[in-house]
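The data block below is protein19.txt; it holds compact mmCIF, C-alpha atoms and all ligand atoms.
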```
# COMPACT_ATOMS: atom_id res chain seq x y z
CA MET A 1 219.24 125.33 94.15
CA ALA A 2 215.57 124.66 94.60
CA GLU A 3 213.31 127.18 92.97
CA LEU A 4 211.48 129.42 95.40
CA VAL A 5 207.72 129.39 94.99
CA PRO A 6 206.02 132.55 96.22
CA PRO A 7 203.42 131.65 98.89
CA SER A 8 200.66 133.42 96.94
CA ALA A 9 201.13 131.01 94.01
CA LEU A 10 200.47 128.06 96.30
CA LEU A 11 197.10 129.53 97.22
CA GLU A 12 196.03 130.14 93.65
CA ARG A 13 193.17 127.92 92.61
CA PRO A 14 193.28 126.27 89.21
CA ARG A 15 190.94 127.71 86.61
CA THR A 16 188.55 125.74 84.45
CA LEU A 17 190.08 127.06 81.24
CA PRO A 18 192.92 129.55 80.84
CA GLY A 19 191.63 133.07 80.29
CA LEU A 20 188.14 132.28 81.55
CA LEU A 21 186.59 133.11 84.91
CA SER A 22 186.09 130.18 87.24
CA LYS A 23 182.72 129.65 88.92
CA ALA A 24 184.21 130.82 92.23
CA GLU A 25 185.42 134.05 90.61
CA LYS A 26 182.08 134.70 88.94
CA ASP A 27 180.28 134.09 92.22
CA ARG A 28 182.65 136.45 94.02
CA LEU A 29 182.05 139.21 91.45
CA ILE A 30 178.29 138.77 91.69
CA GLU A 31 178.46 138.82 95.49
CA ARG A 32 180.55 142.01 95.52
CA ALA A 33 178.15 143.79 93.20
CA PHE A 34 175.17 142.72 95.33
CA LEU A 35 176.90 143.95 98.47
CA GLY A 36 177.73 147.33 96.93
CA LEU A 37 174.25 147.69 95.51
CA TYR A 38 172.67 146.75 98.85
CA ARG A 39 174.71 149.43 100.70
CA TRP A 40 173.73 152.03 98.10
CA TYR A 41 170.10 150.89 98.22
CA THR A 42 169.82 151.13 101.99
CA ALA A 43 171.17 154.67 102.11
CA ARG A 44 168.84 155.66 99.30
CA SER A 45 165.84 153.99 100.93
CA GLN A 46 166.41 155.85 104.18
CA GLU A 47 166.96 159.17 102.44
CA THR A 48 164.10 159.12 99.98
CA ARG A 49 161.48 156.53 100.94
CA ASN A 50 161.37 156.64 104.70
CA TRP A 51 157.58 156.90 105.01
CA ASN A 52 155.34 155.56 107.74
CA ALA A 53 152.20 153.51 107.17
CA ASP A 54 150.25 155.36 109.89
CA LYS A 55 151.66 158.88 109.88
CA SER A 56 152.33 159.58 106.21
CA PHE A 57 148.63 159.60 105.25
CA ASP A 58 145.59 161.53 106.38
CA TRP A 59 143.60 158.35 107.03
CA ARG A 60 140.51 160.09 108.42
CA LYS A 61 140.06 161.73 105.02
CA LEU A 62 139.76 158.46 103.13
CA ARG A 63 136.32 158.17 101.51
CA HIS A 64 133.73 156.05 103.24
CA ASP A 65 131.80 155.30 100.05
CA LEU A 66 134.37 153.62 97.82
CA SER A 67 132.66 151.16 95.45
CA THR A 68 132.45 147.41 96.14
CA GLU A 69 134.84 146.83 93.21
CA ILE A 70 137.49 149.17 94.59
CA MET A 71 137.09 147.65 98.05
CA THR A 72 137.66 144.17 96.60
CA VAL A 73 140.87 145.42 94.97
CA ILE A 74 142.19 147.10 98.14
CA GLN A 75 141.32 144.07 100.23
CA GLY A 76 143.21 141.85 97.77
CA PHE A 77 146.32 144.05 97.97
CA PHE A 78 146.08 143.92 101.75
CA ALA A 79 145.82 140.10 101.60
CA VAL A 80 148.83 139.63 99.30
CA GLU A 81 151.06 141.95 101.35
CA GLN A 82 149.95 140.19 104.53
CA TYR A 83 152.37 137.38 103.74
CA ALA A 84 155.39 139.74 104.04
CA PRO A 85 156.91 137.73 106.94
CA ASP A 86 156.66 134.49 104.93
CA TYR A 87 158.15 136.05 101.80
CA THR A 88 160.95 137.61 103.81
CA SER A 89 161.91 134.61 105.92
CA ALA A 90 161.86 132.20 102.97
CA LEU A 91 163.93 134.53 100.79
CA ILE A 92 166.45 135.38 103.53
CA ASN A 93 166.95 131.70 104.17
CA SER A 94 167.51 130.91 100.51
CA VAL A 95 170.33 133.48 100.24
CA ARG A 96 171.63 133.38 103.82
CA ARG A 97 175.23 132.80 102.72
CA SER A 98 175.31 136.08 100.79
CA HIS A 99 175.80 139.21 102.90
CA GLY A 100 174.47 141.61 100.26
CA ARG A 101 171.48 139.52 99.31
CA SER A 102 170.37 138.38 102.77
CA HIS A 103 170.74 141.82 104.34
CA PHE A 104 168.90 143.30 101.40
CA GLN A 105 166.04 140.86 102.00
CA MET A 106 165.73 142.17 105.56
CA ARG A 107 165.51 145.75 104.34
CA TRP A 108 163.09 144.64 101.61
CA GLY A 109 160.98 142.87 104.25
CA SER A 110 160.81 146.04 106.34
CA GLU A 111 159.45 147.86 103.28
CA GLU A 112 156.94 145.13 102.43
CA GLU A 113 155.75 145.19 106.05
CA LYS A 114 154.82 148.86 105.59
CA HIS A 115 152.80 147.94 102.50
CA ALA A 116 150.81 145.38 104.49
CA ASP A 117 150.07 147.92 107.23
CA ALA A 118 149.20 150.73 104.81
CA TRP A 119 146.71 148.55 102.90
CA GLU A 120 145.21 147.37 106.18
CA ASN A 121 144.74 151.00 107.20
CA ALA A 122 143.01 151.64 103.89
CA VAL A 123 140.61 148.75 104.52
CA LEU A 124 139.96 149.90 108.10
CA PHE A 125 139.48 153.61 107.36
CA SER A 126 137.19 152.89 104.43
CA ARG A 127 134.77 151.90 107.21
CA GLN A 128 133.41 149.17 104.97
CA ARG A 129 134.94 146.35 107.01
CA THR A 130 134.71 146.14 110.78
CA PRO A 131 137.86 145.84 112.88
CA GLN A 132 136.59 142.41 113.92
CA TRP A 133 136.16 141.31 110.30
CA ILE A 134 139.72 142.46 109.55
CA ALA A 135 141.11 140.54 112.53
CA GLU A 136 139.31 137.35 111.46
CA TYR A 137 140.37 137.75 107.83
CA LYS A 138 144.00 138.19 108.87
CA GLU A 139 143.80 135.11 111.02
CA ARG A 140 142.48 133.18 108.04
CA LEU A 141 145.25 134.46 105.79
CA ARG A 142 147.95 133.69 108.31
CA SER A 143 146.71 130.17 108.89
CA GLN A 144 148.29 129.47 105.48
CA GLN A 145 151.99 129.71 104.83
CA TRP A 146 153.69 130.92 101.67
CA HIS A 147 156.63 128.89 100.34
CA LEU A 148 159.22 129.66 97.68
CA PRO A 149 157.78 128.97 94.23
CA PHE A 150 161.01 127.43 92.85
CA PRO A 151 163.72 125.20 94.30
CA ASP A 152 166.73 127.32 93.27
CA SER A 153 167.66 130.89 94.10
CA ILE A 154 168.25 132.12 90.50
CA THR A 155 164.74 131.14 89.42
CA ASN A 156 163.25 132.65 92.57
CA MET A 157 165.09 135.90 91.90
CA VAL A 158 163.88 135.93 88.30
CA TYR A 159 160.35 135.31 89.61
CA THR A 160 160.74 138.25 92.00
CA VAL A 161 161.67 140.58 89.13
CA PHE A 162 158.41 139.79 87.30
CA GLN A 163 156.42 139.84 90.54
CA GLU A 164 157.76 143.26 91.67
CA ARG A 165 157.00 144.76 88.27
CA ALA A 166 153.50 143.22 88.28
CA THR A 167 152.85 144.56 91.79
CA GLN A 168 154.07 148.03 90.86
CA LEU A 169 151.75 147.98 87.85
CA ASN A 170 148.77 146.95 90.01
CA TYR A 171 149.34 149.89 92.35
CA LEU A 172 149.98 152.41 89.58
CA ASN A 173 146.77 151.42 87.83
CA LEU A 174 144.76 151.78 91.05
CA MET A 175 146.42 155.17 91.53
CA HIS A 176 145.16 156.27 88.10
CA ILE A 177 141.61 155.23 89.02
CA ALA A 178 141.85 157.10 92.34
CA ARG A 179 142.97 160.17 90.39
CA GLY A 180 139.93 159.89 88.16
CA LYS A 181 141.92 158.68 85.15
CA THR A 182 140.01 155.65 83.92
CA ASP A 183 137.94 154.80 80.88
CA LYS A 184 135.94 152.15 82.77
CA LEU A 185 132.39 153.34 83.29
CA HIS A 186 131.87 151.41 86.51
CA LEU A 187 134.89 153.15 88.07
CA GLN A 188 134.08 156.74 87.17
CA GLY A 189 133.95 159.05 90.18
CA GLN A 190 136.04 156.80 92.44
CA THR A 191 138.55 159.58 93.01
CA ASP A 192 140.26 159.76 96.37
CA PRO A 193 143.47 161.72 97.02
CA VAL A 194 144.37 159.62 100.08
CA LEU A 195 143.99 156.35 98.20
CA ALA A 196 145.93 157.77 95.24
CA LYS A 197 148.79 158.76 97.55
CA VAL A 198 148.91 155.33 99.22
CA ALA A 199 149.01 153.57 95.85
CA GLN A 200 151.65 155.96 94.52
CA ILE A 201 154.01 155.75 97.50
CA ILE A 202 153.85 151.96 97.58
CA ALA A 203 154.34 151.79 93.80
CA VAL A 204 157.59 153.78 94.19
CA ASP A 205 158.85 151.17 96.69
CA GLU A 206 157.91 148.38 94.28
CA ALA A 207 159.83 150.14 91.51
CA ALA A 208 162.90 150.26 93.78
CA HIS A 209 162.51 146.54 94.52
CA TYR A 210 162.11 145.79 90.84
CA ASN A 211 165.34 147.66 90.09
CA PHE A 212 167.35 145.87 92.75
CA PHE A 213 166.28 142.42 91.59
CA LEU A 214 166.64 143.43 87.94
CA GLU A 215 170.29 144.36 88.55
CA GLY A 216 170.70 140.98 90.24
CA VAL A 217 169.27 139.13 87.25
CA ARG A 218 171.51 141.20 84.94
CA LEU A 219 174.55 140.05 86.92
CA PHE A 220 173.53 136.42 86.60
CA LEU A 221 172.62 136.87 82.94
CA TYR A 222 176.06 138.32 82.22
CA TYR A 223 178.10 135.71 84.06
CA TYR A 224 175.72 132.73 83.73
CA PRO A 225 173.63 133.40 80.59
CA GLN A 226 172.44 129.87 79.97
CA LYS A 227 171.11 129.18 83.46
CA THR A 228 169.54 132.63 83.72
CA LEU A 229 167.77 132.53 80.34
CA GLU A 230 166.39 129.11 81.20
CA ALA A 231 165.13 130.49 84.52
CA ILE A 232 163.44 133.39 82.69
CA ARG A 233 161.74 131.02 80.28
CA HIS A 234 160.65 128.79 83.15
CA VAL A 235 159.16 131.70 85.12
CA ILE A 236 157.14 133.26 82.28
CA THR A 237 155.53 129.96 81.33
CA GLN A 238 153.96 129.54 84.76
CA PHE A 239 153.75 132.97 86.34
CA SER A 240 151.07 133.75 88.89
CA MET A 241 150.93 136.43 91.57
CA PRO A 242 152.29 135.40 95.00
CA ALA A 243 149.75 134.02 97.46
CA ALA A 244 147.23 133.45 94.65
CA SER A 245 146.62 129.97 96.01
CA LEU A 246 146.49 131.15 99.64
CA VAL A 247 144.08 134.10 99.62
CA PRO A 248 140.58 132.62 100.20
CA ASP A 249 138.64 134.93 97.87
CA TRP A 250 141.28 135.20 95.14
CA ASP A 251 138.90 134.65 92.20
CA LYS A 252 136.78 137.61 93.21
CA PHE A 253 139.89 139.79 93.54
CA PHE A 254 141.28 138.61 90.22
CA GLU A 255 137.97 139.36 88.51
CA ALA A 256 137.90 142.86 90.04
CA VAL A 257 141.45 143.81 88.95
CA TYR A 258 140.74 142.35 85.51
CA ARG A 259 137.48 144.28 85.07
CA ALA A 260 139.12 147.46 86.34
CA GLY A 261 141.90 147.17 83.74
CA ILE A 262 144.38 147.08 86.63
CA TYR A 263 145.87 143.68 85.88
CA GLY A 264 145.22 140.68 83.65
CA PRO A 265 146.93 138.56 80.98
CA ARG A 266 147.13 141.53 78.59
CA GLU A 267 148.81 143.77 81.18
CA PHE A 268 151.15 140.93 82.16
CA SER A 269 152.30 140.44 78.61
CA ARG A 270 152.51 144.12 77.59
CA ASP A 271 153.50 145.90 80.80
CA VAL A 272 155.41 143.19 82.66
CA VAL A 273 157.05 140.66 80.29
CA GLN A 274 157.85 143.16 77.56
CA VAL A 275 159.26 145.65 80.05
CA VAL A 276 161.46 143.03 81.75
CA PHE A 277 162.60 141.74 78.34
CA ARG A 278 163.53 145.25 77.21
CA ASN A 279 165.47 145.83 80.44
CA LEU A 280 167.38 142.57 79.94
CA GLY A 281 168.03 142.99 76.23
CA ILE A 282 165.79 140.06 75.28
CA GLU A 283 164.11 140.75 71.96
CA SER A 284 161.18 138.37 72.24
CA ARG A 285 159.97 135.16 73.76
CA LYS A 286 160.51 133.44 70.40
CA ARG A 287 164.16 134.57 70.32
CA LEU A 288 164.64 133.38 73.89
CA GLU A 289 163.22 129.93 73.12
CA GLU A 290 165.31 129.63 69.95
CA GLY A 291 168.49 130.59 71.78
CA ILE A 292 167.96 128.00 74.50
CA LYS A 293 167.06 125.35 71.92
CA ALA A 294 170.21 126.05 69.89
CA THR A 295 172.46 125.51 72.90
CA ARG A 296 170.88 122.13 73.50
CA GLU A 297 171.50 120.69 70.05
CA VAL A 298 174.00 117.86 69.98
CA PRO A 299 177.25 119.40 68.74
CA ASP A 300 179.15 118.02 65.78
CA PHE A 301 182.62 119.15 64.71
CA GLU A 302 181.40 122.02 62.52
CA SER A 303 178.64 123.35 64.74
CA GLN A 304 180.56 123.25 68.00
CA THR A 305 181.53 126.93 67.95
CA THR A 306 178.08 127.92 66.73
CA GLN A 307 176.51 126.11 69.62
CA GLN A 308 178.80 127.76 72.16
CA THR A 309 177.99 131.23 70.86
CA ALA A 310 174.27 130.56 70.37
CA ILE A 311 173.42 131.66 73.89
CA TRP A 312 175.01 135.06 73.29
CA ARG A 313 172.79 135.59 70.27
CA SER A 314 169.60 135.15 72.28
CA PHE A 315 169.93 138.50 74.08
CA ASP A 316 171.69 141.84 73.70
CA TYR A 317 174.75 141.19 75.88
CA GLY A 318 176.22 144.57 74.91
CA LEU A 319 173.25 146.32 76.46
CA VAL A 320 173.49 144.19 79.62
CA GLU A 321 177.23 144.84 79.89
CA GLY A 322 176.63 148.59 79.51
CA ASP A 323 173.99 148.49 82.23
CA LEU A 324 176.33 146.56 84.52
CA ARG A 325 179.11 149.08 83.92
CA ARG A 326 176.70 151.86 84.90
CA LEU A 327 175.69 149.88 87.99
CA HIS A 328 179.35 149.58 89.00
CA VAL A 329 179.94 153.31 88.45
CA LYS A 330 176.96 153.99 90.75
CA ILE A 331 178.41 151.65 93.40
CA GLN A 332 181.90 153.15 92.98
CA ASP A 333 180.57 156.71 93.38
CA TYR A 334 178.86 155.62 96.57
CA GLU A 335 182.04 153.95 97.84
CA LYS A 336 184.05 157.11 97.08
CA GLU A 337 181.51 159.17 99.00
CA ILE A 338 181.75 156.94 102.08
CA GLY A 339 185.46 156.15 101.86
CA PHE A 340 185.13 152.41 101.15
CA ALA A 341 186.87 153.08 97.83
CA GLU A 342 190.14 153.81 99.60
CA LEU A 343 190.08 150.46 101.38
CA ASP A 344 188.23 147.92 99.29
CA PRO A 345 186.66 149.19 96.06
CA THR A 346 184.12 147.19 94.02
CA GLU A 347 185.35 146.64 90.48
CA PHE A 348 183.69 145.52 87.30
CA VAL A 349 185.37 142.53 85.64
CA GLU A 350 184.40 141.63 82.09
CA ASN A 351 183.27 138.12 81.40
CA PRO A 352 185.86 136.86 78.83
CA GLU A 353 183.25 134.51 77.34
CA VAL A 354 181.29 137.51 76.00
CA PRO A 355 181.92 137.73 72.24
CA LYS A 356 183.87 140.78 71.13
FE FE B 401 154.85 145.33 98.43
FE FE B 402 157.94 144.70 96.61
```
Show me the file's structure as structure tokens.
Ligand SMILES: [Fe+2]
Ligand SMILES: [Fe+2]
Amino acid sequence: MAELVPPSALLERPRTLPGLLSKAEKDRLIERAFLGLYRWYTARSQETRNWNADKSFDWRKLRHDLSTEIMTVIQGFFAVEQYAPDYTSALINSVRRSHGRSHFQMRWGSEEEKHADAWENAVLFSRQRTPQWIAEYKERLRSQQWHLPFPDSITNMVYTVFQERATQLNYLNLMHIARGKTDKLHLQGQTDPVLAKVAQIIAVDEAAHYNFFLEGVRLFLYYYPQKTLEAIRHVITQFSMPAASLVPDWDKFFEAVYRAGIYGPREFSRDVVQVVFRNLGIESRKRLEEGIKATREVPDFESQTTQQTAIWRSFDYGLVEGDLRRLHVKIQDYEKEIGFAELDPTEFVENPEVPK
């Protein structure tokens, strides 16, 4: 009698190596986590950060005598956020096959759009630029188009993590100045509660963006450590703020944020790179470089195992795994609340390649 093969066995795809996750399985796990995180994020965004660029601020109370330096900074923020439609369309396109990631990019775009409008209001209500000047400046900005900085979506996502953190830092540091907390003599007395509130509210959005993309990079780091660490190294060696090559008066803006202690190479290294590294369990740039180098050495019989495990020594995978477990608990709690859990729960699956 012929042996009966259950139909499910016929559909099973062969794995690369027994006991390991195939690429398709890893991709599915990453996609599920993104989808769960996106649903959680959207609910959270609507509940806690549903502000309006026009109505959430008392624009008439913004000072009319902000210094030239501060005006240069605000105008630069306005210029960078002006490319929100370009950022959004390019990013949506690059992840269009992923439900969680592409829908998230739409939500993200709707938040970035508010930033552009809020900074424009700040420029307008400062009364230091005429409405006509603003219209012409916008036209100039929009005559240029922003394109993705990297050809692949992992590197672009890694870039976005650093960029969101850098943007948050820029706004937080302006907020401190607007609250009178600065040691720079030329910025003393530039306090303004309206400006401080604008910078603070936008910085909270940027922190939420940073966290979403950070979780995304953690997922890739956990399931695809080699590719992700290489992307991280690639991004930090050539990082610049988005639209730096598009904004016509960028040098003046860069000089102003540098002089104000808002943002410069020191802040990038200390408050961006080190923060991202800590959040991803990467000890240092040196360690990262060494880890990548070790995996590229030509293996001989003795060093073969060493080479395979080298990548796991270049970051704290235990920390990343713990953070991913917490992320999944957060998603699962949300799915229990809604009822998704009863139908199709998101589950965390360990990567068997992770050393025990
Ligand atoms: Fe923004
Ligand atoms: Fe952002």
* **Selection within 8 Å of ligand FE 402 (chain B) by all atoms listed in the file, output as a PyMOL selection string** => chain A and resi 108+111-112+163-164+167-168+205-210
* Expected answer as JSON, numbers by chain: residues within 12 Å of ligand FE 401 (chain B), only C-alpha atoms and all ligand atoms -> {"A": [77, 78, 79, 80, 81, 82, 83, 84, 85, 87, 88, 108, 109, 110, 111, 112, 113, 114, 115, 116, 117, 118, 119, 160, 163, 164, 165, 166, 167, 168, 169, 170, 171, 198, 199, 200, 201, 202, 203, 204, 205, 206, 207, 208, 209, 210, 241, 242]}
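Here atom CA of A:Gly318 and atom CA of A:Tyr334 stand 24.5 Å from one another.
Separating atom CA of A:Val161 from atom CA of A:Ser240 is a distance of 12.6 Å.
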* To do: Find the spatial neighbours of A:Val273, counting all atoms listed in the file, within a cut-off of 12 Å - ignore same-chain residues fewer than 3 positions away - and output them as a ChimeraX atom specification.
  => /A:158-159,161-166,169,232-233,235-237,239,265-270,276-285
Around all listed atoms of stretch 137-140 of chain A, padded 5 Å per side, what centre and edge lengths does the axis-aligned box have in Å to one decimal, as lines of an AutoDock Vina configuration file?
```
center_x = 142.2
center_y = 135.7
center_z = 109.4
size_x = 13.6
size_y = 15.0
size_z = 13.2
```
Give me, as CSV, each residue of stretch 64-121 of chain A that comes within 9 Å of stretch 257-260 of chain A, together with its shortest interatomic pair and the distance in Å at one decimal, counting all atoms listed in the file, with rows ordered by chain and rising residue number.
```
residue,atom,partner,partner_atom,distance
A:Glu69,CA,A:Ala260,CA,8.1
A:Ile70,CA,A:Ala260,CA,8.6
A:Thr72,CA,A:Val257,CA,8.5
A:Val73,CA,A:Val257,CA,6.3
```
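Summary of the local environment: counting all atoms listed in the file, residues at most 7 Å from A:Ala196, other than itself and those fewer than 6 positions away along its chain, are Met175, Ala178 and Arg179 of chain A.
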Grab the residues selected above and save them as a PDB file, in the coordinates of the input with C-alpha atoms.
```pdb
ATOM      1  CA  MET A 175     146.420 155.170  91.530  1.00  0.00           C
ATOM      2  CA  ALA A 178     141.850 157.100  92.340  1.00  0.00           C
ATOM      3  CA  ARG A 179     142.970 160.170  90.390  1.00  0.00           C
TER       4      ARG A 179
END
```
* **Between atom CA of A:Phe340 and atom CA of A:Asn93 - distance in Å to one decimal** => 27.7 Å
* A:Thr182 surroundings by only C-alpha atoms, 12 Å radius, close-in-sequence under 4 positions cut, as an NGL selection string -> :A and (172-178 or 186-191 or 259-262)
